[in-house]
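Q: You'll find entry06.txt just under this line, and it carries compact mmCIF, C-alpha atoms.
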# COMPACT_ATOMS: atom_id res chain seq x y z
CA ASP A 14 -15.71 14.85 -2.03
CA GLY A 15 -13.32 13.17 -4.42
CA GLY A 16 -12.04 9.77 -3.51
CA ILE A 17 -12.11 6.03 -3.96
CA THR A 18 -15.03 3.91 -2.84
CA GLN A 19 -14.69 0.22 -2.20
CA SER A 20 -17.59 -2.07 -1.47
CA PRO A 21 -18.53 -4.11 0.35
CA LYS A 22 -16.50 -3.55 3.52
CA TYR A 23 -16.86 -7.21 4.48
CA LEU A 24 -17.47 -10.12 2.11
CA PHE A 25 -17.84 -13.83 2.69
CA ARG A 26 -17.18 -16.40 0.02
CA LYS A 27 -18.39 -19.96 -0.11
CA GLU A 28 -16.12 -22.61 -1.53
CA GLY A 29 -16.27 -22.72 -5.31
CA GLN A 30 -17.90 -19.32 -5.57
CA ASN A 31 -16.70 -16.32 -7.53
CA VAL A 32 -17.07 -12.96 -5.82
CA THR A 33 -16.55 -9.45 -7.13
CA LEU A 34 -15.14 -6.52 -5.20
CA SER A 35 -16.15 -3.08 -6.37
CA CYS A 36 -13.83 -0.08 -6.73
CA GLU A 37 -14.96 3.31 -8.00
CA GLN A 38 -12.99 6.57 -8.14
CA ASN A 39 -14.07 10.10 -9.02
CA LEU A 40 -10.57 11.58 -9.03
CA ASN A 41 -10.26 11.32 -12.82
CA HIS A 42 -7.17 9.17 -12.33
CA ASP A 43 -5.81 7.13 -15.22
CA ALA A 44 -4.12 4.40 -13.18
CA MET A 45 -5.83 1.98 -10.82
CA TYR A 46 -4.47 -0.90 -8.76
CA TRP A 47 -5.56 -3.83 -6.66
CA TYR A 48 -3.48 -4.98 -3.71
CA ARG A 49 -3.85 -7.81 -1.28
CA GLN A 50 -2.67 -7.52 2.35
CA ASP A 51 -2.11 -10.51 4.62
CA PRO A 52 -1.19 -10.23 8.30
CA GLY A 53 2.49 -9.51 8.77
CA GLN A 54 3.07 -8.96 5.06
CA GLY A 55 3.36 -5.96 2.83
CA LEU A 56 0.78 -5.10 0.21
CA ARG A 57 1.14 -7.30 -2.86
CA LEU A 58 0.06 -6.16 -6.30
CA ILE A 59 -2.63 -8.28 -7.96
CA TYR A 60 -3.50 -6.30 -11.10
CA TYR A 61 -3.10 -2.77 -12.36
CA SER A 62 -4.50 -0.68 -15.17
CA GLN A 63 -2.90 2.37 -16.72
CA ILE A 64 -5.75 3.24 -19.03
CA VAL A 65 -9.28 2.21 -19.92
CA ASN A 66 -9.60 -1.20 -21.59
CA ASP A 67 -6.08 -2.18 -20.62
CA PHE A 68 -4.74 -3.96 -17.55
CA GLN A 69 -1.66 -5.90 -16.53
CA LYS A 70 -0.95 -8.73 -14.13
CA GLY A 71 0.84 -7.87 -10.96
CA ASP A 72 2.87 -10.21 -8.80
CA ILE A 73 0.04 -12.47 -7.61
CA ALA A 74 -2.60 -12.44 -10.36
CA GLU A 75 -3.44 -16.17 -10.34
CA GLY A 76 -7.02 -16.79 -9.30
CA TYR A 77 -8.10 -13.20 -9.92
CA SER A 78 -9.57 -11.27 -12.84
CA VAL A 79 -10.30 -7.61 -13.52
CA SER A 80 -11.92 -5.35 -16.08
CA ARG A 81 -11.52 -1.67 -16.90
CA GLU A 82 -14.44 -0.73 -19.10
CA LYS A 83 -14.79 2.73 -17.57
CA LYS A 84 -12.12 5.09 -16.29
CA GLU A 85 -13.72 5.36 -12.88
CA SER A 86 -14.31 1.64 -12.25
CA PHE A 87 -11.92 -1.28 -11.70
CA PRO A 88 -13.75 -4.30 -10.25
CA LEU A 89 -11.81 -7.33 -9.02
CA THR A 90 -13.24 -10.85 -9.24
CA VAL A 91 -11.86 -13.47 -6.89
CA THR A 92 -12.44 -16.74 -8.68
CA SER A 93 -12.80 -20.25 -7.29
CA ALA A 94 -9.27 -20.89 -8.55
CA GLN A 95 -7.92 -18.67 -5.76
CA LYS A 96 -7.49 -21.26 -3.03
CA ASN A 97 -6.51 -18.89 -0.24
CA PRO A 98 -8.64 -15.77 -0.75
CA THR A 99 -8.95 -14.65 2.87
CA ALA A 100 -7.23 -11.27 3.02
CA PHE A 101 -7.71 -7.51 3.14
CA TYR A 102 -8.09 -6.14 -0.39
CA LEU A 103 -7.16 -2.56 -1.18
CA CYS A 104 -7.92 -0.64 -4.34
CA ALA A 105 -5.84 2.40 -5.20
CA SER A 106 -5.48 4.98 -7.92
CA SER A 107 -2.98 7.54 -9.09
CA ASP A 108 -3.03 10.30 -11.65
CA ARG A 109 -0.84 8.17 -13.88
CA MET A 110 1.36 5.11 -13.48
CA ILE A 111 3.58 5.78 -10.51
CA ALA A 112 6.36 8.17 -11.34
CA THR A 113 8.69 9.99 -9.03
CA ASN A 114 6.73 11.04 -5.95
CA GLU A 115 3.36 10.24 -7.47
CA LYS A 116 0.84 9.74 -4.67
CA LEU A 117 -1.36 6.67 -4.32
CA PHE A 118 -4.92 7.16 -3.11
CA PHE A 119 -6.45 4.14 -1.41
CA GLY A 120 -9.99 2.99 -0.86
CA SER A 121 -11.01 1.88 2.64
CA GLY A 122 -10.57 -1.80 1.82
CA THR A 123 -12.63 -4.99 1.68
CA GLN A 124 -12.06 -7.84 4.12
CA LEU A 125 -12.78 -11.10 2.32
CA SER A 126 -13.27 -14.26 4.33
CA VAL A 127 -14.05 -17.84 3.36
CA LEU A 128 -17.08 -19.53 4.93
CA ARG B 30 15.62 -11.81 0.19
CA LYS B 31 12.60 -9.48 0.16
CA GLU B 32 12.86 -6.43 -2.05
CA VAL B 33 11.91 -4.14 0.85
CA GLU B 34 12.62 -5.12 4.46
CA GLN B 35 11.51 -3.50 7.68
CA ASP B 36 11.84 -4.40 11.35
CA PRO B 37 8.27 -5.42 12.26
CA GLY B 38 8.61 -4.11 15.83
CA PRO B 39 6.58 -3.35 17.81
CA PHE B 40 8.40 -0.28 19.01
CA ASN B 41 6.90 0.64 22.38
CA VAL B 42 7.82 4.20 23.35
CA PRO B 43 6.58 6.74 25.90
CA GLU B 44 4.94 9.97 24.83
CA GLY B 45 7.50 12.60 23.98
CA ALA B 46 10.15 10.12 22.92
CA THR B 47 12.09 10.19 19.69
CA VAL B 48 11.91 7.02 17.62
CA ALA B 49 13.51 6.01 14.33
CA PHE B 50 12.75 3.27 11.83
CA ASN B 51 14.94 2.01 9.04
CA CYS B 52 13.99 0.24 5.86
CA THR B 53 16.35 -1.47 3.44
CA TYR B 54 15.71 -2.07 -0.25
CA SER B 55 17.48 -4.32 -2.73
CA ASN B 56 16.83 -2.67 -6.10
CA SER B 57 19.62 -0.17 -6.63
CA ALA B 58 17.69 1.34 -9.57
CA SER B 59 14.78 2.44 -7.36
CA GLN B 60 13.96 6.11 -7.82
CA SER B 61 10.95 6.83 -5.62
CA PHE B 62 10.66 6.34 -1.89
CA PHE B 63 7.78 6.91 0.47
CA TRP B 64 6.58 6.38 4.01
CA TYR B 65 2.91 5.50 4.43
CA ARG B 66 1.01 5.23 7.69
CA GLN B 67 -1.63 2.56 8.21
CA ASP B 68 -4.01 2.32 11.14
CA CYS B 69 -5.40 -1.08 12.04
CA ARG B 70 -7.49 -2.52 9.21
CA LYS B 71 -7.69 0.82 7.42
CA GLU B 72 -6.18 2.06 4.19
CA PRO B 73 -2.58 3.28 4.06
CA LYS B 74 -2.15 7.02 3.82
CA LEU B 75 0.88 8.85 2.49
CA LEU B 76 2.93 10.27 5.33
CA MET B 77 5.74 11.69 3.27
CA SER B 78 7.84 11.20 0.20
CA VAL B 79 11.57 10.77 0.73
CA TYR B 80 13.93 12.99 -1.20
CA SER B 81 17.61 12.45 -1.85
CA SER B 82 18.60 15.41 0.30
CA GLY B 83 16.36 14.35 3.17
CA ASN B 84 13.20 16.17 4.12
CA GLU B 85 11.27 17.21 7.16
CA ASP B 86 7.57 17.70 7.83
CA GLY B 87 6.90 18.95 11.33
CA ARG B 88 7.97 16.23 13.77
CA PHE B 89 8.80 13.80 10.98
CA THR B 90 12.13 13.57 9.18
CA ALA B 91 12.87 11.20 6.32
CA GLN B 92 16.29 10.38 4.94
CA LEU B 93 17.61 8.36 2.03
CA ASN B 94 20.99 6.65 1.87
CA ARG B 95 21.49 5.38 -1.67
CA ALA B 96 24.95 3.97 -1.03
CA SER B 97 23.68 1.66 1.71
CA GLN B 98 20.22 1.35 0.16
CA TYR B 99 18.10 2.31 3.09
CA ILE B 100 15.61 4.97 4.05
CA SER B 101 14.76 6.12 7.54
CA LEU B 102 11.94 7.84 9.35
CA LEU B 103 12.51 9.81 12.54
CA ILE B 104 9.59 10.88 14.72
CA ARG B 105 10.27 13.46 17.40
CA ASP B 106 8.08 14.22 20.42
CA SER B 107 5.90 11.13 19.85
CA LYS B 108 2.17 11.51 20.39
CA LEU B 109 -0.37 8.85 21.29
CA SER B 110 -1.93 9.47 17.88
CA ASP B 111 1.31 8.41 16.18
CA SER B 112 0.53 4.80 17.12
CA ALA B 113 0.17 2.98 13.82
CA THR B 114 2.00 0.78 11.35
CA TYR B 115 4.53 2.60 9.18
CA LEU B 116 5.01 1.19 5.70
CA CYS B 117 8.16 1.73 3.69
CA VAL B 118 7.41 1.92 -0.04
CA VAL B 119 9.95 1.82 -2.86
CA SER B 120 9.53 1.99 -6.62
CA SER B 121 10.57 -1.04 -8.60
CA TYR B 122 10.74 -2.17 -12.22
CA GLY B 123 8.09 -0.68 -14.45
CA ASN B 124 7.36 2.02 -11.89
CA LYS B 125 5.49 -0.44 -9.71
CA LEU B 126 5.63 0.14 -5.98
CA VAL B 127 6.87 -2.45 -3.50
CA PHE B 128 5.58 -2.25 0.05
CA GLY B 129 7.43 -3.35 3.13
CA ALA B 130 5.51 -5.37 5.73
CA GLY B 131 5.48 -2.41 8.07
CA THR B 132 6.83 -1.40 11.46
CA ILE B 133 4.40 -1.19 14.37
CA LEU B 134 4.72 1.82 16.65
CA ARG B 135 2.93 2.01 19.99
CA VAL B 136 3.14 5.25 21.90
CA LYS B 137 2.09 4.96 25.53
CA SER B 138 1.22 7.61 28.09
Starting from the file, lay out its structure as structure tokens.

A:
Amino acid sequence: DGGITQSPKYLFRKEGQNVTLSCEQNLNHDAMYWYRQDPGQGLRLIYYSQIVNDFQKGDIAEGYSVSREKKESFPLTVTSAQKNPTAFYLCASSDRMIATNEKLFFGSGTQLSVL
Amino acid sequence: RKEVEQDPGPFNVPEGATVAFNCTYSNSASQSFFWYRQDCRKEPKLLMSVYSSGNEDGRFTAQLNRASQYISLLIRDSKLSDSATYLCVVSSYGNKLVFGAGTILRVKS
């Protein structure tokens, strides 16, 4: 089945530690995205990538880093510079950068918590 | 002011009821509009796109009012399984999507 796989489902971070969230898609989509969701708030865009080896900052990129070395993979690293990392992280992809009525496909999410 | 605003609810309705949600957006240049459904701590899933002329999909009807900059979602004959958070999503600059915080719907028997 085609889709997006995020791992792990739950992740715990110690203070000062960098952690990496995995996102893999087999939909052959060009565009991939990382969102953060906090209780009572909408999804906020962290980073996005329209093509391999290229990515752009979203609205809340500080404290995060990404890479896009392969079309199917878009890992997100939450660095120690991110002081409030506890949130639900969602990876998504689309056939191309969102155009009229382009559909977003989401992974099942990673809940990151600070120990 | 947030770019996309929704009433957080919760809307508590009995089975069989008709319920409507509105969502306002501030960017008059927005071109794409969607409603997504999200169950608790799961990924959002596309419910329907919203077209200028309005569109219907079974019990769900979506409408767009560009003059007043809002979109709406109407659910008829509510089912228990409709209980979820409904996210309003609007395209913004650079074709990025902006998500509303969501409206919680609880359908009770």

Q: Taking all atoms listed in the file into account, name the residue in B:Glu32, B:Glu44, B:Glu72, B:Asp111 that is nearest to chain A.

A: B:Glu72

Q: How many Å lie between CA of Asp67 (chain A) and CA of Phe119 (chain A), rounded to one decimal?

A: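 Interatomic distance here is 20.2 Å.
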
Q: Got a sec: who's within 6 Å of Glu34 (chain B), counting all atoms listed in the file, leaving out chain neighbours fewer than 5 positions off, as a ChimeraX atom specification?

A: /B:52-53,129

Q: Compute the set of chain A residues within 12 Å of chain B, using all atoms listed in the file, and express it as a PyMOL selection string.

A: chain A and resi 17-19+22-23+44-63+69-72+100-105+107+109-124

Q: Identify, on the basis of all atoms listed in the file, every residue whose closest approach to Thr99 (chain A) does not exceed 7 Å; exclude the query and any residue fewer than 6 positions from it along the same chain; express the result as an MDAnalysis selection string.

A: chainID A and resid 125:127

Q: Write the selection just made, keeping C-alpha atoms, as a PDB file, in the frame of the given file?

A:
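Contents of selection22.pdb, as written:
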ATOM      1  CA  LEU A 125     -12.780 -11.100   2.320  1.00  0.00           C
ATOM      2  CA  SER A 126     -13.270 -14.260   4.330  1.00  0.00           C
ATOM      3  CA  VAL A 127     -14.050 -17.840   3.360  1.00  0.00           C
TER       4      VAL A 127
END

Q: One decimal, Å: what's the distance from CA of Ser80 (chain A) over to CA of Glu37 (chain A), could you say?

A: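 If I compute the distance from CA of Ser80 (chain A) to CA of Glu37 (chain A), I get 12.2 Å.
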